[in-house]
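Structure file query-v1.csv (CSV, C-alpha atoms and all ligand atoms) follows.
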```
chain,number,residue,atom,x,y,z
D,12,MET,CA,-11.4,-36.9,-11.8
D,13,ILE,CA,-13.2,-34.9,-9.1
D,14,SER,CA,-11.0,-32.2,-7.6
D,15,MET,CA,-10.3,-31.9,-3.8
D,16,TRP,CA,-12.1,-28.6,-3.9
D,17,ASP,CA,-15.3,-30.2,-5.2
D,18,LYS,CA,-15.0,-33.2,-2.8
D,19,ALA,CA,-14.6,-30.8,0.1
D,20,GLU,CA,-17.5,-28.7,-1.1
D,21,GLN,CA,-19.8,-31.7,-1.4
D,22,ALA,CA,-18.8,-33.0,2.1
D,23,ALA,CA,-19.2,-29.5,3.6
D,24,ALA,CA,-22.6,-29.2,2.0
D,25,TYR,CA,-23.6,-32.6,3.6
D,26,VAL,CA,-22.3,-31.5,7.0
D,27,ARG,CA,-24.1,-28.1,6.7
D,28,GLU,CA,-27.4,-29.7,5.9
D,29,LYS,CA,-27.2,-32.6,8.5
D,30,ALA,CA,-26.1,-30.2,11.3
D,31,SER,CA,-28.6,-27.5,10.2
D,32,LEU,CA,-25.7,-25.0,10.1
D,33,GLY,CA,-27.2,-22.7,7.5
D,34,ASP,CA,-24.7,-19.9,7.1
D,35,ARG,CA,-23.4,-20.3,10.6
D,36,ARG,CA,-19.6,-20.8,10.9
D,37,LEU,CA,-18.2,-23.2,13.4
D,38,GLU,CA,-15.4,-21.8,15.6
D,39,ALA,CA,-13.0,-24.7,15.9
D,40,ALA,CA,-12.1,-28.0,14.2
D,41,VAL,CA,-10.8,-30.5,16.7
D,42,VAL,CA,-9.0,-33.7,15.6
D,43,LEU,CA,-9.0,-36.4,18.3
D,44,GLY,CA,-6.2,-38.8,18.0
D,45,SER,CA,-5.4,-42.3,19.4
D,46,GLY,CA,-7.4,-43.0,22.5
D,47,LEU,CA,-8.6,-39.4,22.8
D,48,GLY,CA,-11.8,-39.7,20.9
D,49,ASP,CA,-14.0,-40.0,24.0
D,50,LEU,CA,-13.8,-36.2,24.4
D,51,ALA,CA,-16.4,-36.0,21.7
D,52,GLU,CA,-18.9,-37.6,24.1
D,53,GLU,CA,-18.9,-34.3,26.0
D,54,ILE,CA,-20.1,-32.3,23.0
D,55,ALA,CA,-23.6,-30.9,23.6
D,56,GLU,CA,-26.4,-30.3,21.0
D,57,ARG,CA,-24.6,-32.8,18.9
D,58,THR,CA,-25.0,-34.1,15.4
D,59,VAL,CA,-23.0,-37.3,14.8
D,60,LEU,CA,-22.0,-38.2,11.3
D,61,PRO,CA,-20.2,-41.5,10.7
D,62,TYR,CA,-17.3,-41.0,8.2
D,63,ARG,CA,-18.8,-43.7,5.9
D,64,ASP,CA,-21.9,-41.4,5.3
D,65,ILE,CA,-19.9,-38.3,4.5
D,66,PRO,CA,-19.2,-37.9,0.8
D,67,HIS,CA,-15.6,-38.6,-0.1
D,68,PHE,CA,-14.5,-39.4,3.4
D,69,PRO,CA,-12.2,-42.4,3.8
D,70,ARG,CA,-12.6,-44.6,6.8
D,71,SER,CA,-10.0,-44.8,9.5
D,72,THR,CA,-8.8,-48.3,10.1
D,73,VAL,CA,-6.9,-47.9,13.3
D,74,GLU,CA,-7.9,-49.3,16.7
D,75,GLY,CA,-8.7,-46.5,19.1
D,76,HIS,CA,-10.4,-44.3,16.4
D,77,ALA,CA,-14.2,-44.1,16.3
D,78,SER,CA,-14.5,-42.8,12.7
D,79,ARG,CA,-17.1,-40.1,13.0
D,80,LEU,CA,-17.6,-36.4,12.9
D,81,VAL,CA,-19.4,-34.7,15.8
D,82,ILE,CA,-20.8,-31.2,15.4
D,83,GLY,CA,-22.0,-29.4,18.4
D,84,ARG,CA,-21.0,-27.2,21.4
D,85,LEU,CA,-18.1,-27.6,23.8
D,86,ALA,CA,-17.0,-25.1,26.4
D,87,GLY,CA,-19.1,-22.4,24.8
D,88,ARG,CA,-17.7,-22.8,21.3
D,89,SER,CA,-19.3,-24.4,18.3
D,90,VAL,CA,-17.0,-27.3,17.2
D,91,TYR,CA,-16.4,-29.7,14.4
D,92,ALA,CA,-14.8,-32.7,16.1
D,93,MET,CA,-13.2,-35.5,14.2
D,94,GLN,CA,-13.2,-38.7,16.3
D,95,GLY,CA,-10.4,-40.4,14.5
D,96,ARG,CA,-8.1,-39.3,11.7
D,97,PHE,CA,-6.5,-40.8,8.6
D,98,HIS,CA,-2.8,-41.7,8.5
D,99,TYR,CA,-0.3,-42.1,5.7
D,100,TYR,CA,0.5,-45.6,6.9
D,101,GLU,CA,-3.1,-46.7,6.3
D,102,GLY,CA,-2.4,-46.3,2.6
D,103,TYR,CA,-4.0,-43.0,1.8
D,104,SER,CA,-2.2,-40.2,0.0
D,105,LEU,CA,-1.7,-37.2,2.3
D,106,ALA,CA,-4.1,-35.2,0.2
D,107,GLU,CA,-6.8,-37.8,0.9
D,108,ALA,CA,-5.8,-38.2,4.5
D,109,THR,CA,-6.4,-34.5,5.2
D,110,ILE,CA,-9.8,-34.1,3.6
D,111,GLY,CA,-11.3,-33.4,7.1
D,112,ILE,CA,-9.2,-30.2,7.3
D,113,ARG,CA,-10.3,-29.2,3.7
D,114,VAL,CA,-13.9,-29.6,4.7
D,115,ALA,CA,-13.3,-27.5,7.8
D,116,GLN,CA,-11.9,-24.8,5.4
D,117,ARG,CA,-15.0,-25.0,3.2
D,118,LEU,CA,-17.1,-24.5,6.4
D,119,GLY,CA,-15.1,-21.4,7.2
D,120,ILE,CA,-13.5,-22.7,10.4
D,121,PRO,CA,-10.5,-20.5,11.4
D,122,VAL,CA,-8.9,-22.6,14.1
D,123,VAL,CA,-7.8,-26.2,14.1
D,124,VAL,CA,-6.9,-28.1,17.2
D,125,LEU,CA,-4.9,-31.3,16.6
D,126,THR,CA,-4.2,-33.9,19.2
D,127,ASN,CA,-2.0,-36.9,19.0
D,128,ALA,CA,-0.2,-39.6,20.9
D,129,ALA,CA,3.6,-39.2,20.6
D,130,GLY,CA,6.8,-40.7,21.8
D,131,GLY,CA,8.9,-38.3,23.8
D,132,LEU,CA,12.5,-37.6,22.8
D,133,ASP,CA,13.4,-34.9,25.3
D,134,PRO,CA,14.8,-37.0,28.3
D,135,ALA,CA,13.2,-34.6,30.7
D,136,PHE,CA,9.8,-35.7,29.5
D,137,GLU,CA,7.7,-38.3,31.3
D,138,ALA,CA,4.9,-40.6,30.1
D,139,GLY,CA,1.7,-38.8,30.6
D,140,ASP,CA,3.1,-35.3,29.9
D,141,LEU,CA,1.2,-33.0,27.5
D,142,MET,CA,3.3,-31.1,24.9
D,143,LEU,CA,2.2,-28.1,23.0
D,144,ILE,CA,3.7,-28.3,19.5
D,145,THR,CA,5.7,-25.1,18.7
D,146,ASP,CA,7.0,-26.3,15.3
D,147,HIS,CA,7.4,-29.5,13.3
D,148,ILE,CA,9.9,-31.4,11.2
D,149,ASN,CA,8.2,-33.1,8.2
D,150,LEU,CA,9.9,-36.5,7.7
D,151,LEU,CA,7.0,-38.1,5.9
D,152,PRO,CA,7.8,-39.2,2.3
D,153,ASP,CA,4.9,-37.1,0.9
D,154,ASN,CA,3.4,-33.7,1.3
D,155,PRO,CA,-0.4,-33.1,1.2
D,156,LEU,CA,0.2,-30.0,-1.1
D,157,ARG,CA,2.0,-32.0,-3.7
D,158,GLY,CA,0.4,-31.8,-7.2
D,159,PRO,CA,-1.4,-29.1,-9.0
D,160,ASN,CA,-2.2,-26.2,-6.6
D,161,ASP,CA,-5.8,-25.1,-6.2
D,162,ASP,CA,-5.5,-21.3,-5.7
D,163,ARG,CA,-9.0,-21.3,-4.1
D,164,PHE,CA,-7.5,-23.1,-1.1
D,165,GLY,CA,-4.3,-21.2,-0.9
D,166,PRO,CA,-1.0,-20.2,-2.6
D,167,ARG,CA,1.4,-22.6,-4.4
D,168,PHE,CA,4.2,-22.0,-2.0
D,169,PRO,CA,2.6,-21.4,1.5
D,170,SER,CA,4.8,-20.7,4.5
D,171,PRO,CA,4.1,-22.9,7.6
D,172,VAL,CA,5.9,-20.4,9.8
D,173,GLY,CA,3.6,-19.4,12.6
D,174,VAL,CA,0.9,-22.0,11.8
D,175,TYR,CA,1.3,-23.2,15.4
D,176,ASP,CA,0.0,-19.8,16.5
D,177,PRO,CA,1.8,-18.3,19.5
D,178,ARG,CA,-1.5,-16.7,20.6
D,179,LEU,CA,-3.2,-20.1,20.6
D,180,ILE,CA,-0.3,-21.6,22.5
D,181,ALA,CA,-0.5,-18.8,25.1
D,182,ALA,CA,-4.3,-19.4,25.5
D,183,ALA,CA,-3.6,-23.2,26.0
D,184,LYS,CA,-0.9,-22.3,28.6
D,185,ARG,CA,-3.4,-20.1,30.5
D,186,ALA,CA,-6.0,-22.9,30.4
D,187,ALA,CA,-3.5,-25.4,31.8
D,188,ALA,CA,-2.4,-23.0,34.6
D,189,LYS,CA,-6.1,-22.5,35.5
D,190,ALA,CA,-6.6,-26.3,35.7
D,191,GLY,CA,-3.5,-26.6,37.9
D,192,PHE,CA,-0.9,-28.2,35.6
D,193,SER,CA,1.7,-27.1,33.1
D,194,CYS,CA,2.5,-28.4,29.6
D,195,ARG,CA,5.7,-29.1,27.9
D,196,GLU,CA,6.5,-27.3,24.6
D,197,GLY,CA,8.5,-28.6,21.7
D,198,VAL,CA,9.1,-29.7,18.2
D,199,TYR,CA,7.2,-32.6,16.7
D,200,ALA,CA,8.8,-34.9,14.1
D,201,GLY,CA,6.2,-36.5,11.8
D,202,LEU,CA,7.3,-39.9,10.4
D,203,GLN,CA,5.3,-42.3,8.2
D,204,GLY,CA,5.2,-45.2,10.5
D,205,PRO,CA,3.7,-47.7,11.1
D,206,ALA,CA,6.8,-49.3,12.6
D,207,TYR,CA,8.0,-47.5,15.7
D,208,GLU,CA,11.5,-46.0,15.6
D,209,THR,CA,14.7,-48.0,16.0
D,210,GLU,CA,17.1,-46.9,18.8
D,211,ALA,CA,19.4,-45.4,16.2
D,212,GLU,CA,16.5,-43.5,14.7
D,213,VAL,CA,15.6,-42.2,18.1
D,214,ARG,CA,19.2,-40.8,18.5
D,215,LEU,CA,19.0,-39.3,15.0
D,216,LEU,CA,15.7,-37.6,15.7
D,217,ARG,CA,17.0,-36.1,18.9
D,218,MET,CA,20.1,-34.8,17.0
D,219,LEU,CA,17.7,-33.2,14.5
D,220,GLY,CA,16.1,-31.2,17.3
D,221,ALA,CA,12.9,-33.0,17.7
D,222,ASP,CA,11.3,-33.3,21.2
D,223,ALA,CA,8.6,-35.8,20.2
D,224,VAL,CA,7.8,-38.1,17.4
D,225,GLY,CA,4.6,-39.4,15.9
D,226,MET,CA,2.8,-40.5,12.7
D,227,SER,CA,0.2,-37.8,12.2
D,228,THR,CA,-0.5,-34.0,12.7
D,229,VAL,CA,2.2,-32.6,10.3
D,230,PRO,CA,0.1,-33.2,7.1
D,231,GLU,CA,-3.0,-31.6,8.8
D,232,ALA,CA,-0.9,-28.6,9.9
D,233,LEU,CA,0.5,-28.1,6.4
D,234,VAL,CA,-3.0,-28.2,4.9
D,235,ALA,CA,-4.2,-25.8,7.6
D,236,ALA,CA,-1.3,-23.4,6.8
D,237,HIS,CA,-2.2,-23.6,3.1
D,238,GLY,CA,-5.8,-22.7,3.9
D,239,ARG,CA,-4.7,-19.9,6.3
D,240,GLN,CA,-6.1,-21.5,9.4
D,241,LYS,CA,-4.3,-21.4,12.7
D,242,VAL,CA,-3.4,-24.5,14.6
D,243,LEU,CA,-3.1,-25.5,18.2
D,244,ALA,CA,-1.5,-29.0,18.4
D,245,VAL,CA,-1.1,-31.0,21.6
D,246,SER,CA,0.8,-34.3,21.9
D,247,THR,CA,0.1,-36.7,24.7
D,248,ILE,CA,3.5,-38.2,25.5
D,249,THR,CA,2.6,-41.8,25.9
D,250,ASN,CA,6.2,-43.1,26.2
D,251,VAL,CA,9.7,-41.7,26.4
D,252,LEU,CA,12.2,-43.0,23.9
D,253,GLY,CA,15.9,-43.4,24.3
D,254,LYS,CA,16.0,-43.8,28.0
D,255,ALA,CA,16.1,-47.6,28.6
D,256,PRO,CA,17.7,-49.6,25.9
D,257,GLY,CA,15.8,-52.6,24.7
D,258,THR,CA,12.4,-51.1,25.6
D,259,ILE,CA,9.7,-52.0,23.1
D,260,VAL,CA,6.8,-49.6,22.4
D,261,SER,CA,3.4,-51.1,22.0
D,262,HIS,CA,0.1,-49.6,20.7
D,263,GLU,CA,-1.6,-51.1,23.8
D,264,GLU,CA,0.8,-49.1,26.0
D,265,VAL,CA,0.2,-46.0,23.9
D,266,LEU,CA,-3.6,-46.3,24.3
D,267,GLU,CA,-3.3,-47.1,28.0
D,268,VAL,CA,-1.3,-44.0,28.8
D,269,ALA,CA,-3.5,-41.8,26.5
D,270,GLU,CA,-6.5,-43.1,28.5
D,271,LYS,CA,-4.9,-42.2,31.8
D,272,VAL,CA,-4.2,-38.6,30.6
D,273,ARG,CA,-7.5,-38.2,28.9
D,274,SER,CA,-9.1,-36.2,31.7
D,275,ARG,CA,-6.2,-33.8,31.8
D,276,LEU,CA,-6.2,-33.4,28.0
D,277,ALA,CA,-10.0,-32.8,28.2
D,278,ALA,CA,-9.5,-30.1,30.8
D,279,LEU,CA,-6.8,-28.5,28.6
D,280,LEU,CA,-9.0,-28.5,25.5
D,281,LYS,CA,-12.1,-27.3,27.2
D,282,GLY,CA,-10.1,-24.6,29.0
D,283,PHE,CA,-8.5,-23.6,25.7
D,284,LEU,CA,-11.9,-23.4,24.0
D,285,GLY,CA,-13.1,-21.2,26.9
D,286,GLU,CA,-10.3,-18.7,26.6
D,287,ALA,CA,-10.3,-15.7,24.3
D,288,TRP,CA,-8.0,-16.2,21.3
Y,1,LIG,N1,6.8,-43.3,18.1
Y,1,LIG,C1,5.9,-42.9,17.1
Y,1,LIG,N2,4.7,-42.6,17.4
Y,1,LIG,C2,4.2,-42.8,18.6
Y,1,LIG,C3,5.0,-43.2,19.6
Y,1,LIG,C4,6.4,-43.5,19.4
Y,1,LIG,O1,7.2,-43.9,20.3
Y,1,LIG,N3,4.3,-43.2,20.8
Y,1,LIG,C5,3.0,-42.8,20.4
Y,1,LIG,N4,3.0,-42.6,19.1
```

Kindly transcribe the structure held in the file into structure tokens.
Amino acid sequence: MISMWDKAEQAAAYVREKASLGDRRLEAAVVLGSGLGDLAEEIAERTVLPYRDIPHFPRSTVEGHASRLVIGRLAGRSVYAMQGRFHYYEGYSLAEATIGIRVAQRLGIPVVVLTNAAGGLDPAFEAGDLMLITDHINLLPDNPLRGPNDDRFGPRFPSPVGVYDPRLIAAAKRAAAKAGFSCREGVYAGLQGPAYETEAEVRLLRMLGADAVGMSTVPEALVAAHGRQKVLAVSTITNVLGKAPGTIVSHEEVLEVAEKVRSRLAALLKGFLGEAW
């Protein structure tokens, strides 16, 4: 069986060739989550690579995800933007679902920007808020680092402490302030989904110390930590849980709010890329 190292190497070689990267290193990998993929349209000097053409890439099956990799320039930085990600609930193992981060590692990309749509748990939050993730709670039933360790990627027992890099968070806060708004900050709980949470689970998650909940991001951050990359992660709070009993969350509502906040998120990400890290 072909190893993840070889898969990532082959995919990276394909990307390097198609985007004529030569020995150039890209500066940031950006993962665009539900309803946020449009940001990739603003990338200049772009090379667009559908996931189906990239060796070993799975296809994302979720509505709101475009399933392509866009290489180019955004806000003065060279970027590797994933328009759509893979989730555990789609049926992939977490090692498969995070191949995009492994490929970014093989391309020598030091910084990963993760975006997602999330449910708010802090009652002070409002739908449409942006939250910078300061830490996470992994409640997924798997870990992308499970299985034989490949020391070429990173150590057997990596520490995720500091992966949500305070310097990157500070840069994002500066970018938000310059654009005239502020972000929330908090802890993201990653669950497997695809069902949304029950009201009892929402109460439990709040007791555990989570400020937001979603179905992604944690696996990618763990793989980034393993490969010694730094992460900036931003949640678009599309709905606030636990406020009105009997409220039902829908994917349509999640996409609708994500769409409304899109321009603000775009301003945050572009401003962040324009800051010194
Ligand atoms: N729960 C889990 N994931 C989500 C939610 C939610 O309420 N909203 C957007 N993604």

Contact check, range 142-170 of chain D to range 175-185 of chain D, at most 8 Å, counting all atoms listed in the file, closest pairs as JSON lines:
```
{"residue": "D:Leu143", "atom": "CA", "partner": "D:Ile180", "partner_atom": "CA", "distance": 7.0}
{"residue": "D:Ile144", "atom": "CA", "partner": "D:Tyr175", "partner_atom": "CA", "distance": 7.0}
{"residue": "D:Thr145", "atom": "CA", "partner": "D:Tyr175", "partner_atom": "CA", "distance": 5.8}
{"residue": "D:Asp146", "atom": "CA", "partner": "D:Tyr175", "partner_atom": "CA", "distance": 6.5}
```

Name all residues at most 7 Å from range 106-118 of chain D (count only C-alpha atoms; drop same-chain ones fewer than 5 positions away) and give them as a list in words. Ala19, Glu20, Ala22, Ala23, Arg36, Ala40, Phe97, His98, Tyr99, Pro155, Leu156, Pro230, Glu231, Val234, Ala235 and Gly238 of chain D

Nearby residues, ligand LIG 1 (chain Y), 9 Å, all atoms listed in the file, as a PDB file with C-alpha atoms, in the frame of the given file:
```pdb
ATOM      1  CA  SER D  45      -5.400 -42.300  19.400  1.00  0.00           C
ATOM      2  CA  ASN D 127      -2.000 -36.900  19.000  1.00  0.00           C
ATOM      3  CA  ALA D 128      -0.200 -39.600  20.900  1.00  0.00           C
ATOM      4  CA  ALA D 129       3.600 -39.200  20.600  1.00  0.00           C
ATOM      5  CA  GLY D 130       6.800 -40.700  21.800  1.00  0.00           C
ATOM      6  CA  GLY D 131       8.900 -38.300  23.800  1.00  0.00           C
ATOM      7  CA  LEU D 132      12.500 -37.600  22.800  1.00  0.00           C
ATOM      8  CA  GLY D 201       6.200 -36.500  11.800  1.00  0.00           C
ATOM      9  CA  LEU D 202       7.300 -39.900  10.400  1.00  0.00           C
ATOM     10  CA  GLN D 203       5.300 -42.300   8.200  1.00  0.00           C
ATOM     11  CA  GLY D 204       5.200 -45.200  10.500  1.00  0.00           C
ATOM     12  CA  PRO D 205       3.700 -47.700  11.100  1.00  0.00           C
ATOM     13  CA  ALA D 206       6.800 -49.300  12.600  1.00  0.00           C
ATOM     14  CA  TYR D 207       8.000 -47.500  15.700  1.00  0.00           C
ATOM     15  CA  GLU D 208      11.500 -46.000  15.600  1.00  0.00           C
ATOM     16  CA  VAL D 213      15.600 -42.200  18.100  1.00  0.00           C
ATOM     17  CA  ALA D 223       8.600 -35.800  20.200  1.00  0.00           C
ATOM     18  CA  VAL D 224       7.800 -38.100  17.400  1.00  0.00           C
ATOM     19  CA  GLY D 225       4.600 -39.400  15.900  1.00  0.00           C
ATOM     20  CA  MET D 226       2.800 -40.500  12.700  1.00  0.00           C
ATOM     21  CA  SER D 227       0.200 -37.800  12.200  1.00  0.00           C
ATOM     22  CA  SER D 246       0.800 -34.300  21.900  1.00  0.00           C
ATOM     23  CA  THR D 247       0.100 -36.700  24.700  1.00  0.00           C
ATOM     24  CA  ILE D 248       3.500 -38.200  25.500  1.00  0.00           C
ATOM     25  CA  THR D 249       2.600 -41.800  25.900  1.00  0.00           C
ATOM     26  CA  ASN D 250       6.200 -43.100  26.200  1.00  0.00           C
ATOM     27  CA  VAL D 251       9.700 -41.700  26.400  1.00  0.00           C
ATOM     28  CA  LEU D 252      12.200 -43.000  23.900  1.00  0.00           C
ATOM     29  CA  ILE D 259       9.700 -52.000  23.100  1.00  0.00           C
ATOM     30  CA  VAL D 260       6.800 -49.600  22.400  1.00  0.00           C
ATOM     31  CA  SER D 261       3.400 -51.100  22.000  1.00  0.00           C
ATOM     32  CA  HIS D 262       0.100 -49.600  20.700  1.00  0.00           C
ATOM     33  CA  GLU D 264       0.800 -49.100  26.000  1.00  0.00           C
ATOM     34  CA  VAL D 265       0.200 -46.000  23.900  1.00  0.00           C
ATOM     35  CA  LEU D 266      -3.600 -46.300  24.300  1.00  0.00           C
ATOM     36  CA  ALA D 269      -3.500 -41.800  26.500  1.00  0.00           C
TER      37      ALA D 269
END
```

Neighbouring residues of Val90 in chain D were defined as those with any atom within 8 Å, considering only C-alpha atoms; residues of the same chain fewer than 4 positions away were excluded. Please report them as JSON, numbers by chain. {"D": [37, 38, 39, 40, 41, 81, 82, 83, 84, 85]}

In Å to one decimal, how far is CA of Tyr103 in chain D from CA of Val42 in chain D? 17.4 Å

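Within 9 Å of Gly165 in chain D, once all atoms listed in the file are used and residues closer than 6 positions along the same chain are dropped, the contacting residues are Ala236, His237, Gly238 and Arg239 of chain D.
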